[in-house]
Amino acid sequence: MFLGIILAMPVLLIVGLLFKSESVLHANSLSDLLFSTEWKPFQGKFGFYSYIYSSVLVTMLALLISVPICLFAAIYLTQYAKSVYLKVIQPVIDILAGIPSIIFGVWGILVIVPLISHYVAPFFGIETAGYSILAGAVVLSVMIIPFILNILLEIFKSISKELPQASIALGATKWQTIKYVILRKAFPGIVSSVVFGMSRAFGETIAVLMVVGNVAQIPKTIFEPGYPLPALIANNYGEMLSIPNYDSALMFASLILLVIVLLFNLAARMLISRYETKI
Amino acid sequence: MKSKISIQNLNLSIGKNQILKNINLDIPENQVTIILGPSGCGKTTLLKCLNRLIDLEENVTITGSIFLDNEDILHTKSDLPGIRKKMGLLSQRPYPLPMNIYDNIAYGLRINGIHNKHIIRESVEHNLKQVNLWDEVQHRLKEPASRLSIGQQQRLCLARGLAVKPEIILADEPTSALDPLSSTAIEKKFVELKEEYTLVMVTHILRQARRIADYVVFMYLGEIVEHGTADEFFNHPKQEQTKAYLEGIFN
């Protein structure tokens, strides 16, 4: 029964959102909706491309920052550091994971935005107010680090000690063992953790919305503002619903979010199952 | 009888627990040395000292020396991989590396700098034949090693160890997870291998020790109670504890 509900949830969500976005789908072609940058609600034109672009860019950049940090931290903590470090750090990670996202947003405005505006961007000779794709990505990466790191730690801890010992006993160095044995063994888990982090990052709303600038455009550099999908929905839902099809368009935005996350999960599943036939 | 490994005054503690107490032992070359003893008597720890896997544990204090062909290998900081390469390890359960059957054996060669495909291929075939696994797997070398049966996996692990050309083979209860047939295969192989290698095997199976041992070491609570040739040990034990252990009334 409960299993049925859980299994039906994604399907129901997609069907519900499809149903709600029907009218905007009728009025616009799918390619216009997905690949046009023209956003003129009063004329009934809803091109989501710049929003999708911002969402993907912010998320990928956040992963680019957080995944290497998490990977190296997890390797260090489980393979090199004394076990007492891990015992101290794990509860701290749990606390970090539990911090409300609004706090990360405020931290972003107070610290990251000025940092980018005063130091980082001028270093590259760029002038910016700091509210930018980069600011969104930095805030996001800090938010998802505890989640990804936690999963990675569990994965590395679950690899039995004897496996690396078998490699070391053959005369491999520790680094060779990590590279060829541990990372190989952990690969499916690493992919899962990245996709999990990606799903969280993609849907994260408030903290990103506060620092990303919310300008619907295709940003030329990461120092320019963007406007991710969740921010669009949160900023506008309930406010501009007198405009025809606006409500439906925002539902379609939710559908895009959901479908992209599902596609990434599906791709990860396929990658993992293909890999598992090889090891 | 020439000794291959000479352990002198070895003491080892983990935290405040003394695991090994004043171990003095000469392990004869080209023979099967069996280390016997009840669980928790320090057999495995002693084995780990030989290939320095003990370095991976935390809070270990260790004193004494272990000579391998007159070189003290216990305290040297240099070339640990080189020392370990000389000692193949067969653990309680097989741990095939997360790669295919072929690469499991090629791995040891590659990390030691051998990349010639021809040489690797020959070594894979030769060593799989050594452990009588070639006929069973020659058509599925690209399959994951994890798909082999556990007995096959253990033979693969032995082949993997042999491929890096060790001088000594250390085995820690290598048949404890295997069925009787696979166990016998491993035992037979060990007896054959002593022509070329020095074998040290930990076990708590008395009958297994009787079958294949040339030299026996009996440990209890971190100390060596008695050691001697198989004949001396099984037929003329000197210590009361040994007699009791052999008669199965030990506690």
# chains A, B, ... in the order shown; residues from 1 in each chain; ligands from 1
$ residues_around --residues "Arg184 in chain A" --least-positions-apart "4" --cutoff "8 Å" --atoms "only C-alpha atoms" --output "PyMOL selection string"
(chain A and resi 179-180) or (chain B and resi 98)
$ interface_residues --of "chain A" --to "chain B" --cutoff "8 Å" --atoms "only C-alpha atoms" --output "ChimeraX atom specification"
/A:82,162-163,165-173,176,181,184-185,277-279
$ residues_around --residues "range 186-189 of chain A" --least-positions-apart "4" --cutoff "8 Å" --atoms "only C-alpha atoms" --output "ChimeraX atom specification"
/A:151-152,155-156,159,182,193,272,275-276
$ atom_distance --atom1 "CA of Leu64 in chain A" --atom2 "CA of Ser254 in chain A"
24.4 Å
$ select_by_dssp --residues "range 202-249 of chain B" --states "strand (DSSP E)" --output "VMD selection string"
chain B and resid 202 to 203 215 to 220 223 to 229
$ residues_around --residues "range 264-267 of chain A" --least-positions-apart "5" --cutoff "12 Å" --atoms "only C-alpha atoms" --output "MDAnalysis selection string"
chainID A and resid 56 191:200 202 257:259 272:274
$ atom_distance --atom1 "CA of Lys157 in chain A" --atom2 "CA of Asp55 in chain B"
18.8 Å
$ select_by_dssp --residues "range 101-159 of chain A" --states "alpha helix (DSSP H)" --output "short mmCIF file (atom, residue, chain, number, x, y, z; two decimals) with all heavy atoms, in the first residue's frame"
data_model
loop_
_atom_site.label_atom_id
_atom_site.label_comp_id
_atom_site.auth_asym_id
_atom_site.auth_seq_id
_atom_site.Cartn_x
_atom_site.Cartn_y
_atom_site.Cartn_z
N SER A 101 18.08 26.85 4.88
CA SER A 101 18.74 27.42 3.70
C SER A 101 18.72 28.95 3.71
O SER A 101 19.59 29.59 3.14
CB SER A 101 18.11 26.86 2.43
OG SER A 101 16.73 27.09 2.43
N ILE A 102 17.74 29.54 4.41
CA ILE A 102 17.67 31.01 4.46
C ILE A 102 18.94 31.58 5.08
O ILE A 102 19.42 32.65 4.70
CB ILE A 102 16.41 31.45 5.25
CG1 ILE A 102 16.20 32.97 5.17
CG2 ILE A 102 16.48 31.05 6.70
CD1 ILE A 102 15.43 33.40 3.99
N ILE A 103 19.51 30.83 6.04
CA ILE A 103 20.73 31.29 6.70
C ILE A 103 21.90 31.31 5.71
O ILE A 103 22.71 32.24 5.70
CB ILE A 103 21.03 30.41 7.93
CG1 ILE A 103 19.95 30.67 8.98
CG2 ILE A 103 22.42 30.70 8.50
CD1 ILE A 103 20.02 29.79 10.19
N PHE A 104 21.94 30.29 4.87
CA PHE A 104 22.97 30.28 3.83
C PHE A 104 22.77 31.46 2.87
O PHE A 104 23.72 32.06 2.39
CB PHE A 104 22.93 28.97 3.03
CG PHE A 104 23.54 27.82 3.78
CD1 PHE A 104 22.75 26.87 4.39
CD2 PHE A 104 24.91 27.70 3.87
CE1 PHE A 104 23.31 25.81 5.08
CE2 PHE A 104 25.50 26.64 4.55
CZ PHE A 104 24.69 25.71 5.16
N GLY A 105 21.50 31.79 2.61
CA GLY A 105 21.19 32.92 1.73
C GLY A 105 21.70 34.22 2.33
O GLY A 105 22.35 35.03 1.65
N VAL A 106 21.42 34.42 3.61
CA VAL A 106 21.87 35.65 4.28
C VAL A 106 23.40 35.72 4.29
O VAL A 106 24.00 36.75 3.98
CB VAL A 106 21.33 35.70 5.73
CG1 VAL A 106 21.94 36.86 6.50
CG2 VAL A 106 19.82 35.81 5.73
N TRP A 107 24.01 34.57 4.58
CA TRP A 107 25.48 34.49 4.56
C TRP A 107 26.00 34.85 3.17
O TRP A 107 27.00 35.57 3.04
CB TRP A 107 25.91 33.08 4.96
CG TRP A 107 27.34 32.78 4.75
CD1 TRP A 107 28.38 33.21 5.49
CD2 TRP A 107 27.90 31.98 3.70
NE1 TRP A 107 29.56 32.74 4.98
CE2 TRP A 107 29.29 31.97 3.88
CE3 TRP A 107 27.35 31.26 2.63
CZ2 TRP A 107 30.15 31.29 3.03
CZ3 TRP A 107 28.20 30.57 1.79
CH2 TRP A 107 29.59 30.58 1.99
N VAL A 113 28.56 37.78 -1.78
CA VAL A 113 28.29 38.82 -2.77
C VAL A 113 29.32 39.95 -2.71
O VAL A 113 29.93 40.29 -3.74
CB VAL A 113 26.84 39.35 -2.63
CG1 VAL A 113 26.62 40.60 -3.45
CG2 VAL A 113 25.85 38.26 -3.05
N PRO A 114 29.59 40.52 -1.53
CA PRO A 114 30.63 41.56 -1.46
C PRO A 114 32.02 41.03 -1.86
O PRO A 114 32.78 41.73 -2.53
CB PRO A 114 30.65 41.99 0.01
CG PRO A 114 29.43 41.44 0.62
CD PRO A 114 28.94 40.32 -0.22
N LEU A 115 32.29 39.80 -1.47
CA LEU A 115 33.59 39.21 -1.79
C LEU A 115 33.79 39.17 -3.31
O LEU A 115 34.86 39.52 -3.82
CB LEU A 115 33.64 37.79 -1.22
CG LEU A 115 35.03 37.16 -1.04
CD1 LEU A 115 35.77 37.88 0.07
CD2 LEU A 115 34.91 35.68 -0.72
N ALA A 121 35.78 39.47 -8.79
CA ALA A 121 35.54 40.00 -10.13
C ALA A 121 36.59 41.02 -10.56
O ALA A 121 37.10 40.95 -11.69
CB ALA A 121 34.13 40.58 -10.22
N PRO A 122 36.96 41.99 -9.70
CA PRO A 122 38.01 42.95 -10.10
C PRO A 122 39.32 42.25 -10.48
O PRO A 122 40.04 42.71 -11.35
CB PRO A 122 38.21 43.81 -8.84
CG PRO A 122 36.93 43.71 -8.11
CD PRO A 122 36.40 42.34 -8.38
N PHE A 123 39.60 41.11 -9.84
CA PHE A 123 40.81 40.35 -10.16
C PHE A 123 40.81 39.95 -11.63
O PHE A 123 41.86 39.88 -12.27
CB PHE A 123 40.89 39.12 -9.25
CG PHE A 123 42.10 38.27 -9.48
CD1 PHE A 123 43.33 38.67 -8.97
CD2 PHE A 123 42.04 37.10 -10.22
CE1 PHE A 123 44.47 37.91 -9.19
CE2 PHE A 123 43.17 36.34 -10.45
CZ PHE A 123 44.39 36.74 -9.93
N ILE A 133 25.70 34.45 -10.98
CA ILE A 133 25.71 32.99 -11.08
C ILE A 133 26.75 32.40 -10.12
O ILE A 133 26.48 31.44 -9.40
CB ILE A 133 26.07 32.58 -12.54
CG1 ILE A 133 24.99 33.01 -13.51
CG2 ILE A 133 26.35 31.09 -12.63
CD1 ILE A 133 23.76 32.15 -13.54
N LEU A 134 27.93 33.05 -10.08
CA LEU A 134 28.99 32.54 -9.21
C LEU A 134 28.57 32.55 -7.74
O LEU A 134 28.78 31.58 -7.01
CB LEU A 134 30.27 33.37 -9.40
CG LEU A 134 31.47 32.94 -8.56
CD1 LEU A 134 31.90 31.52 -8.91
CD2 LEU A 134 32.64 33.90 -8.72
N ALA A 135 27.93 33.67 -7.32
CA ALA A 135 27.49 33.76 -5.93
C ALA A 135 26.50 32.64 -5.62
O ALA A 135 26.59 31.97 -4.58
CB ALA A 135 26.86 35.12 -5.66
N GLY A 136 25.55 32.42 -6.56
CA GLY A 136 24.58 31.34 -6.37
C GLY A 136 25.27 30.00 -6.25
O GLY A 136 24.95 29.18 -5.40
N ALA A 137 26.27 29.79 -7.13
CA ALA A 137 26.95 28.49 -7.14
C ALA A 137 27.75 28.27 -5.87
O ALA A 137 27.77 27.16 -5.32
CB ALA A 137 27.87 28.41 -8.36
N VAL A 138 28.40 29.32 -5.38
CA VAL A 138 29.19 29.17 -4.14
C VAL A 138 28.28 28.84 -2.96
O VAL A 138 28.54 27.90 -2.20
CB VAL A 138 30.01 30.47 -3.85
CG1 VAL A 138 30.62 30.40 -2.46
CG2 VAL A 138 31.09 30.65 -4.90
N VAL A 139 27.18 29.60 -2.85
CA VAL A 139 26.25 29.33 -1.75
C VAL A 139 25.70 27.92 -1.86
O VAL A 139 25.65 27.16 -0.88
CB VAL A 139 25.10 30.37 -1.76
CG1 VAL A 139 24.00 29.96 -0.80
CG2 VAL A 139 25.65 31.74 -1.38
N LEU A 140 25.31 27.54 -3.08
CA LEU A 140 24.79 26.20 -3.30
C LEU A 140 25.80 25.12 -2.94
O LEU A 140 25.46 24.12 -2.31
CB LEU A 140 24.42 26.01 -4.77
CG LEU A 140 22.97 26.15 -5.16
CD1 LEU A 140 22.80 25.77 -6.62
CD2 LEU A 140 22.09 25.27 -4.28
N SER A 141 27.05 25.33 -3.37
CA SER A 141 28.03 24.29 -3.14
C SER A 141 28.25 24.09 -1.65
O SER A 141 28.35 22.95 -1.18
CB SER A 141 29.34 24.60 -3.86
OG SER A 141 29.88 25.79 -3.38
N VAL A 142 28.27 25.18 -0.89
CA VAL A 142 28.42 25.04 0.57
C VAL A 142 27.23 24.29 1.16
O VAL A 142 27.37 23.48 2.07
CB VAL A 142 28.60 26.42 1.24
CG1 VAL A 142 28.63 26.28 2.75
CG2 VAL A 142 29.86 27.08 0.73
N MET A 143 26.07 24.54 0.57
CA MET A 143 24.87 23.86 1.09
C MET A 143 24.87 22.37 0.79
O MET A 143 24.37 21.57 1.59
CB MET A 143 23.61 24.48 0.47
CG MET A 143 23.29 25.84 1.03
SD MET A 143 21.83 26.49 0.23
CE MET A 143 20.59 25.43 0.94
N ILE A 144 25.37 21.98 -0.39
CA ILE A 144 25.26 20.55 -0.74
C ILE A 144 26.47 19.74 -0.27
O ILE A 144 26.41 18.52 -0.24
CB ILE A 144 25.00 20.32 -2.25
CG1 ILE A 144 26.13 20.89 -3.10
CG2 ILE A 144 23.66 20.87 -2.66
CD1 ILE A 144 25.96 20.60 -4.58
N ILE A 145 27.55 20.43 0.10
CA ILE A 145 28.74 19.69 0.56
C ILE A 145 28.41 18.70 1.68
O ILE A 145 28.78 17.53 1.60
CB ILE A 145 29.88 20.66 0.96
CG1 ILE A 145 30.63 21.08 -0.30
CG2 ILE A 145 30.86 20.00 1.94
CD1 ILE A 145 31.69 22.14 -0.08
N PRO A 146 27.68 19.13 2.73
CA PRO A 146 27.42 18.13 3.78
C PRO A 146 26.66 16.90 3.29
O PRO A 146 26.94 15.79 3.74
CB PRO A 146 26.58 18.90 4.81
CG PRO A 146 26.38 20.25 4.29
CD PRO A 146 27.19 20.46 3.08
N PHE A 147 25.76 17.09 2.34
CA PHE A 147 24.99 15.95 1.85
C PHE A 147 25.87 14.99 1.06
O PHE A 147 25.88 13.79 1.29
CB PHE A 147 23.82 16.42 0.97
CG PHE A 147 22.78 17.14 1.77
CD1 PHE A 147 22.79 18.52 1.88
CD2 PHE A 147 21.79 16.42 2.43
CE1 PHE A 147 21.85 19.18 2.63
CE2 PHE A 147 20.83 17.08 3.18
CZ PHE A 147 20.86 18.46 3.29
N ILE A 148 26.62 15.56 0.10
CA ILE A 148 27.47 14.70 -0.73
C ILE A 148 28.55 14.04 0.14
O ILE A 148 28.79 12.84 0.04
CB ILE A 148 28.12 15.52 -1.86
CG1 ILE A 148 27.04 16.12 -2.75
CG2 ILE A 148 29.06 14.65 -2.69
CD1 ILE A 148 27.57 16.95 -3.90
N LEU A 149 29.15 14.84 1.02
CA LEU A 149 30.25 14.32 1.85
C LEU A 149 29.77 13.17 2.74
O LEU A 149 30.43 12.15 2.88
CB LEU A 149 30.85 15.45 2.68
CG LEU A 149 32.09 15.10 3.50
CD1 LEU A 149 33.18 14.52 2.62
CD2 LEU A 149 32.63 16.34 4.22
N ASN A 150 28.58 13.36 3.31
CA ASN A 150 28.03 12.32 4.18
C ASN A 150 27.88 11.00 3.44
O ASN A 150 28.25 9.95 3.94
CB ASN A 150 26.66 12.77 4.69
CG ASN A 150 26.62 12.71 6.20
OD1 ASN A 150 27.46 12.06 6.82
ND2 ASN A 150 25.67 13.40 6.79
N ILE A 151 27.32 11.07 2.23
CA ILE A 151 27.14 9.84 1.45
C ILE A 151 28.50 9.24 1.12
O ILE A 151 28.72 8.04 1.27
CB ILE A 151 26.36 10.12 0.15
CG1 ILE A 151 25.00 10.71 0.47
CG2 ILE A 151 26.18 8.82 -0.65
CD1 ILE A 151 24.20 11.08 -0.75
N LEU A 152 29.43 10.09 0.67
CA LEU A 152 30.75 9.59 0.28
C LEU A 152 31.45 8.92 1.46
O LEU A 152 32.06 7.86 1.31
CB LEU A 152 31.62 10.71 -0.26
CG LEU A 152 31.26 11.22 -1.66
CD1 LEU A 152 32.19 12.35 -2.07
CD2 LEU A 152 31.32 10.10 -2.68
N LEU A 153 31.34 9.52 2.64
CA LEU A 153 31.98 8.92 3.82
C LEU A 153 31.42 7.54 4.09
O LEU A 153 32.15 6.59 4.36
CB LEU A 153 31.78 9.82 5.05
CG LEU A 153 32.60 11.11 5.07
CD1 LEU A 153 32.23 11.97 6.28
CD2 LEU A 153 34.09 10.81 5.10
N GLU A 154 30.09 7.43 4.00
CA GLU A 154 29.46 6.12 4.22
C GLU A 154 29.96 5.11 3.19
O GLU A 154 30.23 3.95 3.52
CB GLU A 154 27.93 6.23 4.16
CG GLU A 154 27.30 6.95 5.33
CD GLU A 154 27.72 6.38 6.68
OE1 GLU A 154 27.82 5.14 6.80
OE2 GLU A 154 27.99 7.17 7.60
N ILE A 155 30.07 5.56 1.95
CA ILE A 155 30.51 4.64 0.89
C ILE A 155 31.94 4.17 1.14
O ILE A 155 32.24 2.98 1.09
CB ILE A 155 30.41 5.32 -0.48
CG1 ILE A 155 28.94 5.47 -0.85
CG2 ILE A 155 31.15 4.53 -1.55
CD1 ILE A 155 28.69 6.49 -1.92
N PHE A 156 32.83 5.11 1.43
CA PHE A 156 34.23 4.73 1.64
C PHE A 156 34.38 3.86 2.89
O PHE A 156 35.19 2.94 2.93
CB PHE A 156 35.13 5.96 1.74
CG PHE A 156 35.40 6.60 0.40
CD1 PHE A 156 35.03 7.89 0.14
CD2 PHE A 156 36.03 5.87 -0.60
CE1 PHE A 156 35.27 8.47 -1.10
CE2 PHE A 156 36.28 6.43 -1.85
CZ PHE A 156 35.90 7.73 -2.09
N LYS A 157 33.56 4.17 3.92
CA LYS A 157 33.65 3.36 5.14
C LYS A 157 33.16 1.95 4.90
O LYS A 157 33.58 1.01 5.56
CB LYS A 157 32.83 4.01 6.27
CG LYS A 157 33.58 5.13 6.97
CD LYS A 157 32.98 5.43 8.32
CE LYS A 157 31.58 5.97 8.22
NZ LYS A 157 31.00 6.36 9.50
N SER A 158 32.21 1.80 3.95
CA SER A 158 31.62 0.48 3.74
C SER A 158 32.54 -0.46 2.96
O SER A 158 32.29 -1.66 2.88
CB SER A 158 30.28 0.62 3.01
OG SER A 158 30.52 0.93 1.65
#
$ closest_residue --among "A:Leu255, A:Leu96, A:Ile109, A:Ile233" --to "Val212 in chain A" --atoms "only C-alpha atoms"
A:Ile109
$ residues_around --residues "Asn9 in chain B" --least-positions-apart "3" --cutoff "8 Å" --atoms "only C-alpha atoms" --output "list in words"
Asn22, Ile23, Asn24, Thr63, Gly64 and Ser65 of chain B
$ write_last_selection --atoms "N, CA and C atoms" --output "CSV table (one decimal), in the first residue's frame"
chain,number,residue,atom,x,y,z
B,22,ASN,N,57.3,-11.2,23.1
B,22,ASN,CA,58.7,-11.8,23.0
B,22,ASN,C,58.7,-13.0,22.0
B,23,ILE,N,58.4,-12.7,20.8
B,23,ILE,CA,58.4,-13.8,19.8
B,23,ILE,C,59.8,-14.0,19.2
B,24,ASN,N,60.3,-15.2,19.2
B,24,ASN,CA,61.6,-15.5,18.6
B,24,ASN,C,61.3,-16.7,17.7
B,63,THR,N,58.3,-3.5,19.0
B,63,THR,CA,59.8,-3.6,19.2
B,63,THR,C,60.3,-4.9,18.7
B,64,GLY,N,61.6,-5.0,18.5
B,64,GLY,CA,62.2,-6.2,18.1
B,64,GLY,C,62.7,-6.1,16.6
B,65,SER,N,63.0,-7.2,16.0
B,65,SER,CA,63.4,-7.1,14.6
B,65,SER,C,62.9,-8.4,13.8
$ residues_around --residues "Glu232 in chain B" --least-positions-apart "4" --cutoff "12 Å" --atoms "only C-alpha atoms" --output "ChimeraX atom specification"
/B:210,213-217,226-228,236-239,242-243
$ closest_residue --among "B:Val32, B:Ile73, B:Ala244, B:Ile5" --to "Ala230 in chain B" --atoms "only C-alpha atoms"
B:Val32
$ closest_residue --among "A:Ile52, A:Ile95, A:Ala231, A:Ile243" --to "Ser36 in chain A" --atoms "only C-alpha atoms"
A:Ile52
$ atom_distance --atom1 "CA of Gly226 in chain A" --atom2 "CA of Tyr131 in chain A"
8.7 Å
$ residues_around --residues "range 195-202 of chain B" --least-positions-apart "6" --cutoff "6 Å" --atoms "only C-alpha atoms" --output "list in words"
Glu29, Asn30, Gln31, Val32, Thr33, Ile34, Ile35, Glu167, Ile168, Ile169, Leu170, Ala171, Asp172 and Glu173 of chain B
